[in-house]
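To be precise, the following lines are structure.cif, and they hold mmCIF, C-alpha atoms and all ligand atoms.
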```cif
data_target
loop_
_atom_site.label_atom_id
_atom_site.label_comp_id
_atom_site.auth_asym_id
_atom_site.auth_seq_id
_atom_site.Cartn_x
_atom_site.Cartn_y
_atom_site.Cartn_z
CA MET Q 1 16.12 -111.88 27.20
CA SER Q 2 17.55 -110.66 30.48
CA ILE Q 3 15.62 -108.46 32.87
CA VAL Q 4 15.55 -104.72 32.19
CA LEU Q 5 14.49 -102.81 35.26
CA PRO Q 6 13.42 -99.20 35.65
CA SER Q 7 16.28 -96.90 36.60
CA TRP Q 8 14.50 -95.70 39.79
CA PHE Q 9 14.74 -99.26 41.16
CA ASP Q 10 18.55 -98.97 41.29
CA ALA Q 11 18.98 -97.85 44.90
CA ALA Q 12 16.54 -100.47 46.23
CA PHE Q 13 18.24 -103.18 44.11
CA ALA Q 14 21.63 -102.29 45.43
CA GLU Q 15 20.38 -102.52 49.01
CA VAL Q 16 18.78 -105.95 48.50
CA ASN Q 17 21.78 -107.26 46.58
CA ALA Q 18 24.19 -106.21 49.30
CA ALA Q 19 22.06 -107.71 52.07
CA PHE Q 20 21.55 -110.98 50.20
CA ALA Q 21 25.23 -111.32 49.27
CA ALA Q 22 26.19 -110.75 52.92
CA GLY Q 23 23.65 -113.38 54.08
CA ARG Q 24 21.68 -110.85 56.10
CA LEU Q 25 18.49 -110.48 54.09
CA ALA Q 26 15.68 -109.79 56.56
CA HIS Q 27 12.79 -112.26 56.90
CA GLY Q 28 10.33 -109.37 56.70
CA ILE Q 29 10.84 -106.53 54.23
CA LEU Q 30 8.48 -103.57 54.05
CA ILE Q 31 8.60 -102.06 50.58
CA HIS Q 32 7.36 -98.49 50.97
CA GLU Q 33 6.56 -97.32 47.45
CA ASP Q 34 5.35 -94.02 46.12
CA PRO Q 35 1.95 -94.74 44.49
CA GLY Q 36 2.49 -96.41 41.13
CA ALA Q 37 6.29 -96.59 41.54
CA GLY Q 38 6.32 -100.38 41.05
CA GLY Q 39 6.54 -101.94 44.53
CA LEU Q 40 4.91 -105.15 43.34
CA GLU Q 41 7.38 -105.44 40.45
CA LEU Q 42 10.24 -104.81 42.87
CA ALA Q 43 8.89 -107.59 45.13
CA ARG Q 44 8.80 -110.01 42.18
CA TRP Q 45 12.34 -109.04 41.32
CA ILE Q 46 13.46 -109.81 44.88
CA ALA Q 47 11.70 -113.19 44.62
CA GLN Q 48 13.66 -113.84 41.43
CA ARG Q 49 16.88 -112.61 43.01
CA VAL Q 50 16.69 -115.19 45.81
CA ASN Q 51 15.44 -118.05 43.63
CA CYS Q 52 17.38 -117.63 40.38
CA SER Q 53 19.41 -120.69 39.29
CA ASP Q 54 22.24 -118.56 37.89
CA ALA Q 55 23.98 -117.10 40.94
CA SER Q 56 26.49 -115.18 38.82
CA ARG Q 57 23.85 -112.87 37.30
CA ALA Q 58 20.75 -113.33 39.41
CA PRO Q 59 18.07 -112.57 38.53
CA CYS Q 60 18.86 -113.76 35.01
CA GLY Q 61 15.27 -113.66 33.76
CA GLU Q 62 15.96 -116.78 31.68
CA CYS Q 63 16.09 -119.75 34.06
CA GLN Q 64 13.01 -121.78 34.93
CA SER Q 65 12.67 -120.10 38.35
CA CYS Q 66 12.83 -116.56 36.92
CA LYS Q 67 10.30 -117.44 34.20
CA TRP Q 68 7.91 -119.09 36.63
CA ILE Q 69 8.02 -116.08 38.96
CA ALA Q 70 7.45 -113.66 36.08
CA ALA Q 71 4.42 -115.77 35.07
CA GLY Q 72 3.16 -115.96 38.67
CA GLN Q 73 3.55 -119.75 38.70
CA HIS Q 74 6.49 -120.48 41.01
CA PRO Q 75 5.47 -122.98 43.73
CA ASP Q 76 7.65 -121.23 46.35
CA VAL Q 77 6.43 -117.69 45.66
CA THR Q 78 2.99 -116.94 47.10
CA PRO Q 79 1.04 -113.75 46.36
CA LEU Q 80 -1.35 -112.56 49.05
CA SER Q 81 -3.93 -109.98 47.98
CA PRO Q 82 -7.63 -109.37 48.66
CA GLU Q 83 -9.72 -112.06 46.97
CA GLY Q 84 -13.05 -111.84 45.22
CA GLU Q 85 -15.38 -109.07 46.37
CA SER Q 86 -13.43 -108.49 49.58
CA ALA Q 87 -11.25 -105.43 49.90
CA GLN Q 88 -9.44 -107.08 52.81
CA ILE Q 89 -6.85 -109.80 53.28
CA LEU Q 90 -8.40 -112.12 55.86
CA ILE Q 91 -6.87 -114.16 58.68
CA GLN Q 92 -7.47 -117.55 57.07
CA ALA Q 93 -5.43 -116.53 54.05
CA VAL Q 94 -2.54 -115.54 56.34
CA ARG Q 95 -2.81 -118.83 58.27
CA ASP Q 96 -2.67 -120.77 55.00
CA LEU Q 97 0.34 -118.73 54.01
CA ALA Q 98 2.07 -119.36 57.35
CA ALA Q 99 1.49 -123.12 56.99
CA ASP Q 100 2.95 -123.03 53.51
CA LEU Q 101 6.01 -121.00 54.59
CA ALA Q 102 6.74 -123.65 57.27
CA LEU Q 103 7.19 -126.30 54.56
CA THR Q 104 10.51 -126.86 52.82
CA ALA Q 105 10.92 -125.05 49.52
CA HIS Q 106 10.26 -127.07 46.36
CA GLY Q 107 13.34 -125.62 44.74
CA ARG Q 108 16.75 -124.78 46.21
CA GLY Q 109 15.87 -121.16 46.83
CA TYR Q 110 13.65 -119.32 49.30
CA LYS Q 111 9.98 -119.38 50.07
CA VAL Q 112 8.68 -115.90 49.37
CA ALA Q 113 5.36 -114.28 50.20
CA ILE Q 114 4.31 -111.05 48.50
CA VAL Q 115 1.58 -109.19 50.43
CA TRP Q 116 0.04 -106.48 48.26
CA PRO Q 117 -1.32 -104.05 49.21
CA ALA Q 118 -0.16 -104.79 52.74
CA GLU Q 119 -2.61 -102.32 54.32
CA ALA Q 120 -5.45 -104.53 53.01
CA MET Q 121 -4.75 -106.98 55.87
CA ASN Q 122 -7.35 -106.54 58.58
CA VAL Q 123 -6.12 -106.43 62.18
CA PHE Q 124 -6.58 -110.19 62.73
CA ALA Q 125 -4.69 -111.04 59.56
CA ALA Q 126 -1.93 -108.60 60.48
CA ASN Q 127 -1.58 -110.12 63.94
CA ALA Q 128 -1.40 -113.61 62.47
CA LEU Q 129 1.37 -112.48 60.12
CA LEU Q 130 3.17 -110.87 63.04
CA LYS Q 131 3.44 -114.31 64.69
CA THR Q 132 5.13 -115.70 61.58
CA LEU Q 133 7.56 -112.78 61.52
CA GLU Q 134 8.37 -113.25 65.20
CA GLU Q 135 9.48 -116.82 64.56
CA PRO Q 136 10.23 -116.97 60.87
CA PRO Q 137 11.06 -120.35 59.30
CA ALA Q 138 14.56 -120.52 57.78
CA ARG Q 139 14.94 -119.42 54.15
CA THR Q 140 11.73 -117.47 54.01
CA VAL Q 141 11.09 -113.85 53.05
CA VAL Q 142 7.82 -111.98 53.54
CA LEU Q 143 7.57 -108.87 51.37
CA LEU Q 144 4.96 -106.30 52.43
CA VAL Q 145 4.23 -103.79 49.69
CA THR Q 146 2.46 -100.55 50.57
CA SER Q 147 2.33 -96.86 49.74
CA GLN Q 148 0.80 -96.15 53.17
CA PRO Q 149 3.02 -97.77 55.83
CA SER Q 150 1.31 -95.75 58.57
CA ARG Q 151 -1.79 -97.89 58.01
CA LEU Q 152 0.09 -101.05 59.09
CA LEU Q 153 0.32 -102.24 62.68
CA ALA Q 154 3.30 -100.59 64.36
CA THR Q 155 4.39 -103.99 65.72
CA LEU Q 156 4.38 -105.41 62.19
CA ARG Q 157 6.37 -102.47 60.84
CA SER Q 158 8.95 -102.87 63.58
CA ARG Q 159 9.52 -106.52 62.57
CA CYS Q 160 10.47 -105.54 59.03
CA SER Q 161 13.44 -103.90 57.44
CA ARG Q 162 12.40 -100.92 55.31
CA LEU Q 163 13.03 -100.63 51.62
CA ARG Q 164 12.06 -97.25 50.16
CA LEU Q 165 11.03 -97.07 46.52
CA THR Q 166 10.83 -93.46 45.40
CA GLY Q 167 8.95 -92.86 42.16
CA PRO Q 168 10.54 -91.29 39.06
CA SER Q 169 10.00 -87.75 37.79
CA ARG Q 170 6.96 -87.34 35.56
CA HIS Q 171 9.22 -87.02 32.53
CA GLU Q 172 11.10 -90.21 33.40
CA ALA Q 173 7.82 -92.02 34.05
CA ALA Q 174 6.49 -90.89 30.66
CA GLU Q 175 9.62 -92.17 28.94
CA TYR Q 176 9.27 -95.51 30.70
CA LEU Q 177 5.62 -95.85 29.63
CA ALA Q 178 6.45 -94.86 26.05
CA SER Q 179 9.07 -97.62 25.89
CA ALA Q 180 6.79 -100.18 27.56
CA ARG Q 181 3.53 -99.27 25.80
CA GLY Q 182 4.37 -97.13 22.77
CA ALA Q 183 3.98 -93.41 22.08
CA GLY Q 184 1.13 -91.46 23.67
CA PRO Q 185 0.37 -88.33 25.71
CA TRP Q 186 1.91 -89.97 28.79
CA GLU Q 187 2.93 -86.79 30.63
CA ASP Q 188 -0.67 -85.53 30.56
CA ALA Q 189 -1.99 -88.96 31.49
CA LEU Q 190 0.39 -89.10 34.45
CA ALA Q 191 -0.62 -85.58 35.46
CA ALA Q 192 -4.26 -86.70 35.36
CA THR Q 193 -3.76 -89.34 38.03
CA GLY Q 194 -0.84 -87.94 40.02
CA SER Q 195 0.43 -91.53 40.26
CA GLY Q 196 3.57 -93.24 39.07
CA PRO Q 197 3.89 -95.20 35.80
CA PHE Q 198 2.84 -98.65 37.07
CA ALA Q 199 -0.61 -97.29 37.93
CA LEU Q 200 -1.02 -96.53 34.23
CA ILE Q 201 0.48 -99.64 32.71
CA ASP Q 202 -2.93 -100.77 31.33
CA ALA Q 203 -4.45 -97.29 30.91
CA ASP Q 204 -5.54 -95.46 27.76
CA PRO Q 205 -3.32 -92.34 27.85
CA ALA Q 206 -5.35 -90.38 25.27
CA ALA Q 207 -8.59 -90.84 27.23
CA LEU Q 208 -6.89 -89.72 30.45
CA ALA Q 209 -5.29 -86.69 28.77
CA ASP Q 210 -8.69 -85.68 27.28
CA LEU Q 211 -10.44 -86.04 30.62
CA ARG Q 212 -7.77 -83.93 32.28
CA ALA Q 213 -8.06 -81.19 29.64
CA ASP Q 214 -11.85 -81.14 30.05
CA THR Q 215 -11.61 -81.07 33.86
CA LEU Q 216 -9.11 -78.19 33.89
CA ARG Q 217 -11.19 -76.29 31.32
CA THR Q 218 -14.19 -76.59 33.64
CA LEU Q 219 -12.15 -75.36 36.61
CA ARG Q 220 -11.02 -72.36 34.59
CA ASP Q 221 -14.55 -71.56 33.38
CA VAL Q 222 -16.03 -71.92 36.85
CA GLY Q 223 -13.23 -69.80 38.31
CA SER Q 224 -13.80 -67.01 35.80
CA GLY Q 225 -17.58 -67.12 36.27
CA ASN Q 226 -18.26 -68.22 32.68
CA VAL Q 227 -19.83 -71.48 33.82
CA GLN Q 228 -22.08 -72.04 36.83
CA PRO Q 229 -21.36 -75.16 38.94
CA PRO Q 230 -24.87 -76.68 38.55
CA ALA Q 231 -24.29 -76.77 34.79
CA VAL Q 232 -21.41 -79.24 35.11
CA ALA Q 233 -21.93 -81.01 38.45
CA ASP Q 234 -24.16 -83.71 36.96
CA LYS Q 235 -21.72 -84.48 34.18
CA TRP Q 236 -18.88 -84.90 36.69
CA ALA Q 237 -20.97 -87.01 39.04
CA ARG Q 238 -22.20 -89.35 36.32
CA GLY Q 239 -18.90 -90.69 35.09
CA GLU Q 240 -15.20 -90.77 35.83
CA LEU Q 241 -15.67 -88.77 39.04
CA SER Q 242 -12.75 -90.36 40.85
CA THR Q 243 -10.43 -89.68 37.89
CA ARG Q 244 -11.67 -86.09 37.66
CA LEU Q 245 -11.01 -85.59 41.37
CA ALA Q 246 -7.55 -87.13 40.90
CA CYS Q 247 -6.98 -84.64 38.04
CA VAL Q 248 -7.94 -81.73 40.28
CA GLU Q 249 -5.83 -82.96 43.18
CA SER Q 250 -2.81 -83.55 40.98
CA TRP Q 251 -3.24 -80.13 39.33
CA VAL Q 252 -3.52 -78.43 42.73
CA THR Q 253 -0.46 -80.29 44.03
CA ASP Q 254 1.56 -79.19 40.98
CA ARG Q 255 0.50 -75.55 41.48
CA ILE Q 256 1.35 -75.65 45.18
CA LEU Q 257 4.78 -77.10 44.40
CA GLU Q 258 5.35 -74.46 41.74
CA SER Q 259 4.28 -71.57 43.89
CA THR Q 260 6.23 -72.68 46.92
CA SER Q 261 9.39 -73.40 44.94
CA ILE Q 262 9.51 -70.23 42.86
CA ARG Q 263 7.56 -67.88 45.14
CA ASP Q 264 6.67 -65.77 42.13
CA VAL Q 265 3.22 -66.94 41.11
CA THR Q 266 2.49 -64.16 38.65
CA HIS Q 267 3.11 -66.41 35.66
CA LEU Q 268 0.37 -68.72 36.88
CA SER Q 269 -2.15 -66.14 35.80
CA GLY Q 270 -1.23 -67.15 32.26
CA SER Q 271 -3.09 -70.39 32.90
CA GLY Q 272 -6.28 -68.39 33.41
CA LEU Q 273 -6.68 -69.86 36.87
CA ALA Q 274 -4.56 -67.52 38.99
CA PRO Q 275 -5.27 -69.07 42.39
CA ASN Q 276 -3.46 -68.02 45.51
CA ILE Q 277 -1.75 -70.48 47.77
CA CYS Q 278 -4.33 -70.47 50.60
CA HIS Q 279 -7.12 -71.24 48.18
CA LEU Q 280 -5.05 -74.01 46.66
CA PHE Q 281 -4.59 -75.64 50.06
CA GLU Q 282 -8.31 -75.28 50.76
CA LEU Q 283 -9.20 -76.85 47.44
CA SER Q 284 -6.65 -79.61 48.01
CA ASP Q 285 -8.23 -80.48 51.38
CA ALA Q 286 -11.75 -80.36 49.97
CA VAL Q 287 -10.85 -82.63 47.05
CA ARG Q 288 -9.06 -85.09 49.30
CA ASP Q 289 -12.09 -85.27 51.61
CA MET Q 290 -14.35 -85.80 48.67
CA ARG Q 291 -12.16 -88.55 47.18
CA LYS Q 292 -12.51 -90.42 50.47
CA LEU Q 293 -16.30 -90.06 50.29
CA SER Q 294 -16.75 -90.72 46.60
CA HIS Q 295 -17.08 -94.49 47.20
CA THR Q 296 -19.90 -93.97 49.69
CA SER Q 297 -23.54 -93.22 48.99
CA ILE Q 298 -23.21 -89.42 49.19
CA ASN Q 299 -25.12 -87.39 46.62
CA LYS Q 300 -22.22 -86.96 44.22
CA ALA Q 301 -23.75 -84.20 42.10
CA MET Q 302 -24.43 -82.09 45.18
CA ALA Q 303 -20.94 -82.70 46.53
CA VAL Q 304 -19.36 -81.72 43.20
CA GLU Q 305 -21.52 -78.63 43.04
CA ALA Q 306 -20.46 -77.61 46.55
CA LEU Q 307 -16.81 -78.16 45.65
CA LEU Q 308 -17.08 -76.07 42.49
CA TRP Q 309 -18.99 -73.26 44.26
CA ARG Q 310 -16.21 -73.16 46.78
CA TRP Q 311 -13.70 -72.89 43.97
CA ALA Q 312 -15.77 -70.18 42.23
CA ARG Q 313 -15.98 -68.13 45.44
CA SER Q 314 -12.27 -68.41 46.21
CA SER Q 315 -11.39 -67.44 42.62
CA GLU Q 316 -13.71 -64.44 42.91
CA GLY Q 317 -12.06 -63.43 46.17
CA LYS Q 318 -8.71 -63.76 44.49
CA THR Q 319 -9.76 -61.49 41.61
CA SER Q 320 -11.12 -58.76 43.86
CA GLY Q 321 -8.18 -59.21 46.25
CA SER Q 322 -5.66 -58.65 43.49
CA ARG Q 323 -7.49 -55.53 42.36
CA ALA Q 324 -7.42 -54.05 45.83
ZN ZN N 401 17.18 -116.77 36.79
#
```

Is it possible to express this structure as structure tokens?
Amino acid sequence: MSIVLPSWFDAAFAEVNAAFAAGRLAHGILIHEDPGAGGLELARWIAQRVNCSDASRAPCGECQSCKWIAAGQHPDVTPLSPEGESAQILIQAVRDLAADLALTAHGRGYKVAIVWPAEAMNVFAANALLKTLEEPPARTVVLLVTSQPSRLLATLRSRCSRLRLTGPSRHEAAEYLASARGAGPWEDALAATGSGPFALIDADPAALADLRADTLRTLRDVGSGNVQPPAVADKWARGELSTRLACVESWVTDRILESTSIRDVTHLSGSGLAPNICHLFELSDAVRDMRKLSHTSINKAMAVEALLWRWARSSEGKTSGSRA
């Protein structure tokens, strides 16, 4: 079976292919992916591209090298990610990697390191990697995968060539997931997280779609005054809070995009939510702040309640404003 790659990888493939064929593949490549677009998969594909035994159709997906890389077992391809409890990639791991990259490849291809997510490197680790990129051993490629390149050291970014991986449309993402995982409410599941398809590759789409429907129902009921925030804050805080916040953020983002692209927001009132754009931006900021805090020890129920009161008040203002 040869490799079938998502269509939205095409532009990035073409760029890597051209650079490799011309013998000017950079030693450091920063893959800037939209969240869930598949940066890690693209990195593995590049590792296969430069190590495949069949030059005429690399990566073939069938040779020993391609199979080993797909299985994560190739001796010349080293993944570097946070280990154990740590959320960071530490300096010792980078030093070990640098020592390994300095050795000759086992095969006839390249030594490849895949750092994912690259922003997990702490400043010491990033500086250690910078040294390797300043004097890279021959036939080595370091692939840094991130959806937040601004969180990397500027000096590290400047040592890498950029490869942009733009995510697919929601419809295209849903089609991809249906072919990879089977039928399911993928569009709703994608809308629940606001991420690309690779973030959902192991997810239960029905559970996500249900959670989204429940979350949006609550927003509507709170906005119309039918439900008081204290009645639902506990339920939100107890389980799936981060997914619920992602649902709200993704819903708000969709509404903002709709209202700024069509300018006529009257049809939005059909959803029963009828927000105006300022309130959407306010809610978006509030949700984003709360998502950052939701991993800390804040009182989650109180924070949810405050968020929903804010939403209730702005919806009220909207109702009286539109009557005026
Ligand atoms: Zn191959």

Produce a table with one row for each residue of chain Q that has an atom at most 8 Å from any atom of ligand ZN 401 (chain N), each row naming the nearest atom pair and its distance in Å at one decimal; use only C-alpha atoms and all ligand atoms; arrange rows by chain and rising residue number; format as a tab-separated table.
```
residue	atom	partner	partner_atom	distance
Q:Gln48	CA	N:ZN401	ZN	6.5
Q:Arg49	CA	N:ZN401	ZN	7.5
Q:Asn51	CA	N:ZN401	ZN	7.2
Q:Cys52	CA	N:ZN401	ZN	3.7
Q:Ser53	CA	N:ZN401	ZN	5.2
Q:Asp54	CA	N:ZN401	ZN	5.5
Q:Ala55	CA	N:ZN401	ZN	8.0
Q:Arg57	CA	N:ZN401	ZN	7.7
Q:Ala58	CA	N:ZN401	ZN	5.6
Q:Pro59	CA	N:ZN401	ZN	4.6
Q:Cys60	CA	N:ZN401	ZN	3.9
Q:Gly61	CA	N:ZN401	ZN	4.7
Q:Glu62	CA	N:ZN401	ZN	5.3
Q:Cys63	CA	N:ZN401	ZN	4.2
Q:Gln64	CA	N:ZN401	ZN	6.8
Q:Ser65	CA	N:ZN401	ZN	5.8
Q:Cys66	CA	N:ZN401	ZN	4.4
Q:Lys67	CA	N:ZN401	ZN	7.4
```

Include C-alpha atoms and write out the residues we just selected as an mmCIF file, in the frame of the given file.
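Listing of result-v5.cif after writing:
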```
data_model
loop_
_atom_site.group_PDB
_atom_site.id
_atom_site.type_symbol
_atom_site.label_atom_id
_atom_site.label_comp_id
_atom_site.auth_asym_id
_atom_site.auth_seq_id
_atom_site.Cartn_x
_atom_site.Cartn_y
_atom_site.Cartn_z
ATOM 1 C CA GLN Q 48 13.660 -113.840 41.430
ATOM 2 C CA ARG Q 49 16.880 -112.610 43.010
ATOM 3 C CA ASN Q 51 15.440 -118.050 43.630
ATOM 4 C CA CYS Q 52 17.380 -117.630 40.380
ATOM 5 C CA SER Q 53 19.410 -120.690 39.290
ATOM 6 C CA ASP Q 54 22.240 -118.560 37.890
ATOM 7 C CA ALA Q 55 23.980 -117.100 40.940
ATOM 8 C CA ARG Q 57 23.850 -112.870 37.300
ATOM 9 C CA ALA Q 58 20.750 -113.330 39.410
ATOM 10 C CA PRO Q 59 18.070 -112.570 38.530
ATOM 11 C CA CYS Q 60 18.860 -113.760 35.010
ATOM 12 C CA GLY Q 61 15.270 -113.660 33.760
ATOM 13 C CA GLU Q 62 15.960 -116.780 31.680
ATOM 14 C CA CYS Q 63 16.090 -119.750 34.060
ATOM 15 C CA GLN Q 64 13.010 -121.780 34.930
ATOM 16 C CA SER Q 65 12.670 -120.100 38.350
ATOM 17 C CA CYS Q 66 12.830 -116.560 36.920
ATOM 18 C CA LYS Q 67 10.300 -117.440 34.200
#
```

Determine the nearest neighbour of Q:Leu241 from the options Q:His295, Q:Thr146, Q:Ala191, Q:Ile201, counting all atoms listed in the file.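 So, comparing all the options, the nearest one is Q:His295.
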
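Straight-line separation from atom CA of Q:Thr140 to atom CA of Q:Asp76: 9.5 Å.
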
Mind checking which residues fall within 9 Å of Q:Arg159, counting all atoms listed in the file, ignoring those fewer than 5 positions away in the same chain, and posting them as a list of chain:residue names?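 Neighbouring residues, sequence-local ones excluded: Q:His27, Q:Gly28, Q:Ile29, Q:Leu130, Q:Leu133, Q:Glu134, Q:Ala154.
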
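A straight line drawn from atom CA of Q:Phe13 to atom CA of Q:Leu30 is 13.9 Å long.
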
Restricting the calculation to all atoms listed in the file, which member of Q:Ala183, Q:Cys247, Q:Ala47, Q:Leu257 is positioned closest to Q:Ala213?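 Among the listed residues, the smallest separation from Q:Ala213 belongs to Q:Cys247.
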
Could you state the separation of atom CA of Q:Arg44 and atom CA of Q:Ser81 in Å, given to one decimal place? 14.0 Å

Excluding same-chain residues fewer than 3 positions from Q:Ala207, what lies within 12 Å of it counting only C-alpha atoms, as a PyMOL selection string? chain Q and resi 184-186+188-190+192-193+200+203-204+210-214+240+243-244

Restricting to all atoms listed in the file, whichever of Q:Val252, Q:Leu308, Q:Leu143, Q:Val77 is closest to Q:Gly109 is Q:Val77

Which residue is closest to Q:Arg24? Choose from Q:Lys300, Q:Ser294, Q:Ile277, Q:Val141 and count only C-alpha atoms. Q:Val141

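Minimum atom-to-atom distance to Q:Val112, evaluated using all atoms listed in the file, belongs to Q:Ile46 out of Q:Leu156, Q:Val94, Q:Ile46, Q:Ala87.
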